[in-house]
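Here is the structure we will look at, set down as structure tokens.
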Amino acid sequence: MPHARIIKTRQRLLQAACLSLPFVALASPFALAGSIAKTCGQNDHYVIGFSQANYAEPYRQHVNNDLIARAKEIPQFELLVADGAGNDNTQTSQVDNFITQKVDLLMISPFEAAPLTPAVTRAIKAGIPVIELDRKTVGDPGKDYTAFVGGDNYKIAFEAGTYTAKTLIPDGGEVAVLEGLPSSTPAVERLNGFKDSVKQNAKISVVAEQAADWLPDKAETAFAAMLQAHPDIKVVYASNDLMAAGAYLAAKGAGKENQVKVIGTDGLPGPAGGIAAVASGQWAATFTYPTGAEESLDLAKKILLECAESVPASVTVPTLAITQDNAKELNDKLKF
């Protein structure tokens, strides 16, 4: 990206020129001592590279759209979004390209944790601040990368488990779980959160769990098999809305759509989203996983525009339970 290199050259020239000056304004386009970013200040242009895990999941598109819209409101920022295509090698190459282009800040939602960790480490060693969004690589935010922004996956799933244990089936029964991609941190955290939570009700038994890799067709196949093996399942918890949709189709195909209560995670808007599915009565509930776009860009502004010396290592965005009590009102308010 030629213009990114031109920006850096201009910043180096400004730094050299200002060595003879007795005073440097806070808005100058280079970093103050101790600031996170190599170059920062209010009056310059900054390129942010975002490597998205994939574009296939509706949630990922929702995140992209939110980030793009919010970034346009910050005149100093240029946001570049790259599709990781659900492939570790592709995403690693994207990060390396962003490093070569000398972007001012990197955002990443890693497809898988361990395979993307070396690329993030290379970005940090190159002096590029890294904000991990929604998913984590291996290591600790604030130490191995700059910051993490996302929902508390364990807590979100724990709330879904509590809703199951206390509201949906307080008298107990059989429950199934559809896990996301096991090598991704949200999948593990959501699985553990839900299973730990339903233990609140000793009458509930988790009789089946299987990874469906976030995909609706895999979820439909997996849950159809679960229903054959355990025909009395009362609740299925899916770690994202796509898998919840697949589970509903499997229940409907087995003639059990009125028996099985479906819970999703993401709370996506739109006619095919989780909020509409709850509003229509197909699902019992879904739990929102906010995009984190606003919070991520707030951190970027602190790092690049305000020359922050430190930022919070972890920013948690809250969830909202979408149930029969509020789904229709929320669905009617949303515009698609």
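Order determines the names: the first chain of the structure tokens is A, the second B, and so forth; residues in each chain are numbered 1 upward, and ligands are numbered 1 upward as they are shown.
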
* Near-region 56-67 of chain A list (9 Å; only C-alpha atoms; drop same-chain fewer than 4 positions) as a list in words ->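 After dropping sequence-adjacent residues, the list is Gln52, Ala71, Lys72, Leu79, Val81, Ala85, Gly86, Trp214, Leu215, Asn240, Asp241, Leu242, Asp266, Gly267, Leu268, Pro269, Gly273, Tyr289, Pro290, Thr291, Gly292, Ala293, Glu294, Ser296 and Leu297 of chain A.
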
* Asked: Counting only C-alpha atoms, what is within 10 Å of region 227-230 of chain A, bar same-chain residues fewer than 4 positions away, as JSON, numbers by chain?
  -> {"A": [174, 175, 176, 207, 208, 222, 223, 234, 250, 251, 254, 256, 260]}

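Residue nearest Val103 (chain A) within the list A:Gly151, A:Gly49, A:Gly41, A:Gly270: A:Gly49 [criterion: smallest interatomic distance, only C-alpha atoms].
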
* Residue nearest Glu209 (chain A) - candidates A:Lys328, A:Lys195, A:Lys252, A:Lys302, atoms counted: only C-alpha atoms ->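 Of all the options, A:Lys195 lies closest to Glu209 (chain A).
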
* Top pick for closest residue to Thr221 (chain A), considering A:Val188, A:Ile36, A:Val235, A:Leu178 and counting only C-alpha atoms ->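 Nearest candidate to Thr221 (chain A) out of A:Val188, A:Ile36, A:Val235, A:Leu178: A:Leu178.
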
Considering only C-alpha atoms, tabulate each residue of region 178-263 of chain A that lies at most 10 Å from region 106-117 of chain A along with its nearest interatomic pair and the corresponding distance in Å to one decimal; arrange the rows by chain and ascending residue number and present them as a Markdown table.
| residue | atom | partner | partner_atom | distance |
| --- | --- | --- | --- | --- |
| A:Leu181 | CA | A:Glu112 | CA | 8.5 |
| A:Pro182 | CA | A:Glu112 | CA | 9.0 |
| A:Ser183 | CA | A:Glu112 | CA | 5.8 |
| A:Ser184 | CA | A:Glu112 | CA | 4.9 |
| A:Thr185 | CA | A:Ala113 | CA | 6.8 |

* May I ask which of the residues A:Ile156, A:Leu304, A:Val315, A:Leu299 is the closest one to Tyr237 (chain A), counting only C-alpha atoms? =>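 Between A:Ile156, A:Leu304, A:Val315, A:Leu299, the residue approaching Tyr237 (chain A) most closely is A:Ile156.
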
Using DSSP on the backbone coordinates, identify the residues of region 79-313 of chain A assigned to strand (DSSP E or B); present them as a PDB file with N, CA, C and O atoms, in the first residue's frame.
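What follows is the written file states_2.pdb:
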ATOM      1  N   LEU A  79     -10.221   2.126   7.097  1.00  0.00           N
ATOM      2  CA  LEU A  79     -10.345   0.731   7.518  1.00  0.00           C
ATOM      3  C   LEU A  79     -10.272  -0.194   6.315  1.00  0.00           C
ATOM      4  O   LEU A  79     -11.026  -0.035   5.354  1.00  0.00           O
ATOM      5  N   LEU A  80      -9.348  -1.146   6.360  1.00  0.00           N
ATOM      6  CA  LEU A  80      -9.222  -2.162   5.326  1.00  0.00           C
ATOM      7  C   LEU A  80      -9.667  -3.500   5.914  1.00  0.00           C
ATOM      8  O   LEU A  80      -9.114  -3.941   6.919  1.00  0.00           O
ATOM      9  N   VAL A  81     -10.670  -4.139   5.318  1.00  0.00           N
ATOM     10  CA  VAL A  81     -11.203  -5.402   5.829  1.00  0.00           C
ATOM     11  C   VAL A  81     -10.845  -6.529   4.872  1.00  0.00           C
ATOM     12  O   VAL A  81     -11.077  -6.421   3.660  1.00  0.00           O
ATOM     13  N   ALA A  82     -10.263  -7.602   5.404  1.00  0.00           N
ATOM     14  CA  ALA A  82      -9.849  -8.746   4.592  1.00  0.00           C
ATOM     15  C   ALA A  82     -10.574  -9.999   5.061  1.00  0.00           C
ATOM     16  O   ALA A  82     -10.777 -10.214   6.257  1.00  0.00           O
ATOM     17  N   ASP A  83     -10.961 -10.830   4.102  1.00  0.00           N
ATOM     18  CA  ASP A  83     -11.695 -12.063   4.366  1.00  0.00           C
ATOM     19  C   ASP A  83     -10.731 -13.221   4.592  1.00  0.00           C
ATOM     20  O   ASP A  83     -10.030 -13.648   3.678  1.00  0.00           O
ATOM     21  N   LEU A 105      -2.491   0.078  12.828  1.00  0.00           N
ATOM     22  CA  LEU A 105      -3.095  -0.755  13.865  1.00  0.00           C
ATOM     23  C   LEU A 105      -3.725  -1.967  13.199  1.00  0.00           C
ATOM     24  O   LEU A 105      -4.268  -1.865  12.093  1.00  0.00           O
ATOM     25  N   LEU A 106      -3.639  -3.109  13.866  1.00  0.00           N
ATOM     26  CA  LEU A 106      -4.221  -4.343  13.347  1.00  0.00           C
ATOM     27  C   LEU A 106      -5.363  -4.787  14.240  1.00  0.00           C
ATOM     28  O   LEU A 106      -5.234  -4.821  15.465  1.00  0.00           O
ATOM     29  N   MET A 107      -6.488  -5.110  13.611  1.00  0.00           N
ATOM     30  CA  MET A 107      -7.582  -5.795  14.297  1.00  0.00           C
ATOM     31  C   MET A 107      -7.698  -7.189  13.689  1.00  0.00           C
ATOM     32  O   MET A 107      -7.509  -7.353  12.474  1.00  0.00           O
ATOM     33  N   ILE A 108      -8.017  -8.165  14.504  1.00  0.00           N
ATOM     34  CA  ILE A 108      -8.143  -9.527  13.990  1.00  0.00           C
ATOM     35  C   ILE A 108      -9.160 -10.321  14.792  1.00  0.00           C
ATOM     36  O   ILE A 108      -9.226 -10.222  16.016  1.00  0.00           O
ATOM     37  N   VAL A 130      -2.185  -4.397  18.336  1.00  0.00           N
ATOM     38  CA  VAL A 130      -3.124  -5.432  17.878  1.00  0.00           C
ATOM     39  C   VAL A 130      -4.316  -5.510  18.818  1.00  0.00           C
ATOM     40  O   VAL A 130      -4.155  -5.724  20.028  1.00  0.00           O
ATOM     41  N   ILE A 131      -5.501  -5.327  18.261  1.00  0.00           N
ATOM     42  CA  ILE A 131      -6.743  -5.513  19.001  1.00  0.00           C
ATOM     43  C   ILE A 131      -7.409  -6.776  18.480  1.00  0.00           C
ATOM     44  O   ILE A 131      -7.723  -6.881  17.288  1.00  0.00           O
ATOM     45  N   GLU A 132      -7.604  -7.748  19.343  1.00  0.00           N
ATOM     46  CA  GLU A 132      -8.287  -8.974  18.962  1.00  0.00           C
ATOM     47  C   GLU A 132      -9.770  -8.814  19.262  1.00  0.00           C
ATOM     48  O   GLU A 132     -10.156  -8.393  20.357  1.00  0.00           O
ATOM     49  N   LEU A 133     -10.582  -9.155  18.268  1.00  0.00           N
ATOM     50  CA  LEU A 133     -12.014  -8.904  18.335  1.00  0.00           C
ATOM     51  C   LEU A 133     -12.777 -10.223  18.311  1.00  0.00           C
ATOM     52  O   LEU A 133     -12.612 -11.023  17.371  1.00  0.00           O
ATOM     53  N   PRO A 141      -4.118 -10.807  26.756  1.00  0.00           N
ATOM     54  CA  PRO A 141      -4.238  -9.418  26.301  1.00  0.00           C
ATOM     55  C   PRO A 141      -3.510  -8.490  27.254  1.00  0.00           C
ATOM     56  O   PRO A 141      -3.474  -8.713  28.466  1.00  0.00           O
ATOM     57  N   TYR A 145      -0.570  -9.323  23.236  1.00  0.00           N
ATOM     58  CA  TYR A 145      -1.140  -8.419  22.231  1.00  0.00           C
ATOM     59  C   TYR A 145      -1.789  -7.279  22.995  1.00  0.00           C
ATOM     60  O   TYR A 145      -1.924  -7.333  24.226  1.00  0.00           O
ATOM     61  N   ALA A 147      -4.903  -5.640  23.176  1.00  0.00           N
ATOM     62  CA  ALA A 147      -6.187  -5.681  23.878  1.00  0.00           C
ATOM     63  C   ALA A 147      -7.120  -6.682  23.224  1.00  0.00           C
ATOM     64  O   ALA A 147      -6.970  -7.034  22.045  1.00  0.00           O
ATOM     65  N   PHE A 148      -8.088  -7.117  24.013  1.00  0.00           N
ATOM     66  CA  PHE A 148      -9.167  -7.973  23.507  1.00  0.00           C
ATOM     67  C   PHE A 148     -10.505  -7.270  23.731  1.00  0.00           C
ATOM     68  O   PHE A 148     -10.748  -6.720  24.807  1.00  0.00           O
ATOM     69  N   VAL A 149     -11.356  -7.315  22.703  1.00  0.00           N
ATOM     70  CA  VAL A 149     -12.712  -6.774  22.813  1.00  0.00           C
ATOM     71  C   VAL A 149     -13.686  -7.878  22.419  1.00  0.00           C
ATOM     72  O   VAL A 149     -13.561  -8.479  21.346  1.00  0.00           O
ATOM     73  N   GLY A 150     -14.644  -8.149  23.273  1.00  0.00           N
ATOM     74  CA  GLY A 150     -15.624  -9.171  22.923  1.00  0.00           C
ATOM     75  C   GLY A 150     -16.559  -9.443  24.071  1.00  0.00           C
ATOM     76  O   GLY A 150     -16.393  -8.933  25.189  1.00  0.00           O
ATOM     77  N   GLY A 151     -17.550 -10.255  23.804  1.00  0.00           N
ATOM     78  CA  GLY A 151     -18.448 -10.676  24.859  1.00  0.00           C
ATOM     79  C   GLY A 151     -17.769 -11.716  25.731  1.00  0.00           C
ATOM     80  O   GLY A 151     -16.763 -12.319  25.349  1.00  0.00           O
ATOM     81  N   GLY A 173     -35.163 -32.547  32.661  1.00  0.00           N
ATOM     82  CA  GLY A 173     -35.310 -33.228  31.384  1.00  0.00           C
ATOM     83  C   GLY A 173     -33.979 -33.360  30.670  1.00  0.00           C
ATOM     84  O   GLY A 173     -32.928 -32.976  31.192  1.00  0.00           O
ATOM     85  N   GLU A 174     -34.040 -33.921  29.445  1.00  0.00           N
ATOM     86  CA  GLU A 174     -32.828 -34.149  28.671  1.00  0.00           C
ATOM     87  C   GLU A 174     -32.504 -32.940  27.802  1.00  0.00           C
ATOM     88  O   GLU A 174     -33.391 -32.318  27.216  1.00  0.00           O
ATOM     89  N   VAL A 175     -31.195 -32.622  27.727  1.00  0.00           N
ATOM     90  CA  VAL A 175     -30.718 -31.456  26.995  1.00  0.00           C
ATOM     91  C   VAL A 175     -29.579 -31.878  26.075  1.00  0.00           C
ATOM     92  O   VAL A 175     -28.796 -32.779  26.407  1.00  0.00           O
ATOM     93  N   ALA A 176     -29.483 -31.223  24.916  1.00  0.00           N
ATOM     94  CA  ALA A 176     -28.392 -31.465  23.969  1.00  0.00           C
ATOM     95  C   ALA A 176     -27.659 -30.155  23.701  1.00  0.00           C
ATOM     96  O   ALA A 176     -28.232 -29.065  23.833  1.00  0.00           O
ATOM     97  N   VAL A 177     -26.401 -30.274  23.298  1.00  0.00           N
ATOM     98  CA  VAL A 177     -25.578 -29.096  23.017  1.00  0.00           C
ATOM     99  C   VAL A 177     -24.899 -29.261  21.662  1.00  0.00           C
ATOM    100  O   VAL A 177     -24.307 -30.310  21.375  1.00  0.00           O
ATOM    101  N   LEU A 178     -24.967 -28.207  20.850  1.00  0.00           N
ATOM    102  CA  LEU A 178     -24.248 -28.153  19.577  1.00  0.00           C
ATOM    103  C   LEU A 178     -23.115 -27.145  19.723  1.00  0.00           C
ATOM    104  O   LEU A 178     -23.350 -25.945  19.927  1.00  0.00           O
ATOM    105  N   GLU A 179     -21.891 -27.636  19.650  1.00  0.00           N
ATOM    106  CA  GLU A 179     -20.707 -26.809  19.862  1.00  0.00           C
ATOM    107  C   GLU A 179     -20.218 -26.228  18.538  1.00  0.00           C
ATOM    108  O   GLU A 179     -20.424 -26.804  17.468  1.00  0.00           O
ATOM    109  N   ILE A 204     -31.742 -31.912  35.367  1.00  0.00           N
ATOM    110  CA  ILE A 204     -31.376 -31.785  33.956  1.00  0.00           C
ATOM    111  C   ILE A 204     -30.190 -32.687  33.655  1.00  0.00           C
ATOM    112  O   ILE A 204     -29.219 -32.731  34.411  1.00  0.00           O
ATOM    113  N   SER A 205     -30.264 -33.362  32.530  1.00  0.00           N
ATOM    114  CA  SER A 205     -29.182 -34.242  32.093  1.00  0.00           C
ATOM    115  C   SER A 205     -28.773 -33.868  30.679  1.00  0.00           C
ATOM    116  O   SER A 205     -29.616 -33.831  29.765  1.00  0.00           O
ATOM    117  N   VAL A 206     -27.488 -33.537  30.498  1.00  0.00           N
ATOM    118  CA  VAL A 206     -26.960 -33.280  29.154  1.00  0.00           C
ATOM    119  C   VAL A 206     -26.648 -34.642  28.533  1.00  0.00           C
ATOM    120  O   VAL A 206     -25.648 -35.276  28.871  1.00  0.00           O
ATOM    121  N   VAL A 207     -27.504 -35.086  27.616  1.00  0.00           N
ATOM    122  CA  VAL A 207     -27.398 -36.448  27.079  1.00  0.00           C
ATOM    123  C   VAL A 207     -26.604 -36.526  25.784  1.00  0.00           C
ATOM    124  O   VAL A 207     -26.197 -37.613  25.357  1.00  0.00           O
ATOM    125  N   ALA A 208     -26.376 -35.361  25.136  1.00  0.00           N
ATOM    126  CA  ALA A 208     -25.646 -35.380  23.862  1.00  0.00           C
ATOM    127  C   ALA A 208     -24.981 -34.032  23.626  1.00  0.00           C
ATOM    128  O   ALA A 208     -25.560 -32.985  23.917  1.00  0.00           O
ATOM    129  N   GLU A 209     -23.775 -34.081  23.109  1.00  0.00           N
ATOM    130  CA  GLU A 209     -23.077 -32.874  22.681  1.00  0.00           C
ATOM    131  C   GLU A 209     -22.186 -33.212  21.504  1.00  0.00           C
ATOM    132  O   GLU A 209     -21.588 -34.285  21.455  1.00  0.00           O
ATOM    133  N   GLN A 210     -22.148 -32.307  20.542  1.00  0.00           N
ATOM    134  CA  GLN A 210     -21.339 -32.555  19.350  1.00  0.00           C
ATOM    135  C   GLN A 210     -20.958 -31.236  18.704  1.00  0.00           C
ATOM    136  O   GLN A 210     -21.748 -30.283  18.685  1.00  0.00           O
ATOM    137  N   ALA A 211     -19.764 -31.183  18.163  1.00  0.00           N
ATOM    138  CA  ALA A 211     -19.318 -30.012  17.420  1.00  0.00           C
ATOM    139  C   ALA A 211     -19.958 -30.008  16.033  1.00  0.00           C
ATOM    140  O   ALA A 211     -19.994 -31.036  15.357  1.00  0.00           O
ATOM    141  N   ILE A 233     -35.388 -35.473  24.137  1.00  0.00           N
ATOM    142  CA  ILE A 233     -34.690 -34.198  24.345  1.00  0.00           C
ATOM    143  C   ILE A 233     -35.699 -33.048  24.385  1.00  0.00           C
ATOM    144  O   ILE A 233     -36.556 -32.922  23.509  1.00  0.00           O
ATOM    145  N   LYS A 234     -35.556 -32.204  25.409  1.00  0.00           N
ATOM    146  CA  LYS A 234     -36.476 -31.079  25.573  1.00  0.00           C
ATOM    147  C   LYS A 234     -35.882 -29.738  25.137  1.00  0.00           C
ATOM    148  O   LYS A 234     -36.614 -28.830  24.740  1.00  0.00           O
ATOM    149  N   VAL A 235     -34.546 -29.611  25.263  1.00  0.00           N
ATOM    150  CA  VAL A 235     -33.875 -28.349  24.919  1.00  0.00           C
ATOM    151  C   VAL A 235     -32.600 -28.655  24.163  1.00  0.00           C
ATOM    152  O   VAL A 235     -31.865 -29.587  24.513  1.00  0.00           O
ATOM    153  N   VAL A 236     -32.332 -27.862  23.118  1.00  0.00           N
ATOM    154  CA  VAL A 236     -31.031 -27.921  22.459  1.00  0.00           C
ATOM    155  C   VAL A 236     -30.424 -26.525  22.512  1.00  0.00           C
ATOM    156  O   VAL A 236     -31.069 -25.533  22.150  1.00  0.00           O
ATOM    157  N   TYR A 237     -29.200 -26.455  23.026  1.00  0.00           N
ATOM    158  CA  TYR A 237     -28.460 -25.187  23.055  1.00  0.00           C
ATOM    159  C   TYR A 237     -27.449 -25.192  21.925  1.00  0.00           C
ATOM    160  O   TYR A 237     -26.585 -26.072  21.837  1.00  0.00           O
ATOM    161  N   ALA A 238     -27.552 -24.200  21.037  1.00  0.00           N
ATOM    162  CA  ALA A 238     -26.623 -24.063  19.914  1.00  0.00           C
ATOM    163  C   ALA A 238     -25.724 -22.861  20.159  1.00  0.00           C
ATOM    164  O   ALA A 238     -26.194 -21.788  20.548  1.00  0.00           O
ATOM    165  N   LYS A 261     -37.211 -27.189  22.628  1.00  0.00           N
ATOM    166  CA  LYS A 261     -37.012 -25.750  22.734  1.00  0.00           C
ATOM    167  C   LYS A 261     -35.586 -25.428  22.267  1.00  0.00           C
ATOM    168  O   LYS A 261     -34.616 -25.978  22.793  1.00  0.00           O
ATOM    169  N   VAL A 262     -35.480 -24.539  21.294  1.00  0.00           N
ATOM    170  CA  VAL A 262     -34.190 -24.199  20.683  1.00  0.00           C
ATOM    171  C   VAL A 262     -33.669 -22.885  21.267  1.00  0.00           C
ATOM    172  O   VAL A 262     -34.392 -21.894  21.336  1.00  0.00           O
ATOM    173  N   ILE A 263     -32.391 -22.901  21.661  1.00  0.00           N
ATOM    174  CA  ILE A 263     -31.726 -21.676  22.119  1.00  0.00           C
ATOM    175  C   ILE A 263     -30.525 -21.414  21.216  1.00  0.00           C
ATOM    176  O   ILE A 263     -29.702 -22.295  20.990  1.00  0.00           O
ATOM    177  N   GLY A 264     -30.439 -20.183  20.712  1.00  0.00           N
ATOM    178  CA  GLY A 264     -29.307 -19.789  19.870  1.00  0.00           C
ATOM    179  C   GLY A 264     -28.382 -18.830  20.605  1.00  0.00           C
ATOM    180  O   GLY A 264     -28.603 -18.470  21.764  1.00  0.00           O
ATOM    181  N   THR A 265     -27.346 -18.401  19.914  1.00  0.00           N
ATOM    182  CA  THR A 265     -26.410 -17.398  20.432  1.00  0.00           C
ATOM    183  C   THR A 265     -25.953 -16.536  19.254  1.00  0.00           C
ATOM    184  O   THR A 265     -25.555 -17.088  18.234  1.00  0.00           O
ATOM    185  N   ASP A 266     -26.038 -15.252  19.422  1.00  0.00           N
ATOM    186  CA  ASP A 266     -25.655 -14.186  18.491  1.00  0.00           C
ATOM    187  C   ASP A 266     -26.722 -13.106  18.491  1.00  0.00           C
ATOM    188  O   ASP A 266     -26.422 -11.930  18.497  1.00  0.00           O
ATOM    189  N   ALA A 285     -35.314 -18.899  22.627  1.00  0.00           N
ATOM    190  CA  ALA A 285     -34.487 -17.746  22.999  1.00  0.00           C
ATOM    191  C   ALA A 285     -33.215 -17.710  22.170  1.00  0.00           C
ATOM    192  O   ALA A 285     -32.813 -18.708  21.562  1.00  0.00           O
ATOM    193  N   THR A 286     -32.580 -16.543  22.155  1.00  0.00           N
ATOM    194  CA  THR A 286     -31.205 -16.395  21.682  1.00  0.00           C
ATOM    195  C   THR A 286     -30.553 -15.322  22.531  1.00  0.00           C
ATOM    196  O   THR A 286     -31.245 -14.469  23.115  1.00  0.00           O
ATOM    197  N   PHE A 287     -29.239 -15.393  22.643  1.00  0.00           N
ATOM    198  CA  PHE A 287     -28.510 -14.448  23.489  1.00  0.00           C
ATOM    199  C   PHE A 287     -27.552 -13.660  22.612  1.00  0.00           C
ATOM    200  O   PHE A 287     -26.729 -14.237  21.906  1.00  0.00           O
ATOM    201  N   THR A 288     -27.676 -12.338  22.652  1.00  0.00           N
ATOM    202  CA  THR A 288     -26.917 -11.505  21.730  1.00  0.00           C
ATOM    203  C   THR A 288     -25.429 -11.556  22.022  1.00  0.00           C
ATOM    204  O   THR A 288     -24.997 -11.621  23.178  1.00  0.00           O
TER     205      THR A 288
END

* To do: Select, from A:Pro318, A:Gly253, A:Pro216, A:Pro75, the residue with the minimum atom-to-atom distance to Tyr154 (chain A), counting only C-alpha atoms.
  =>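 Smallest distance to Tyr154 (chain A) is found for A:Pro318.
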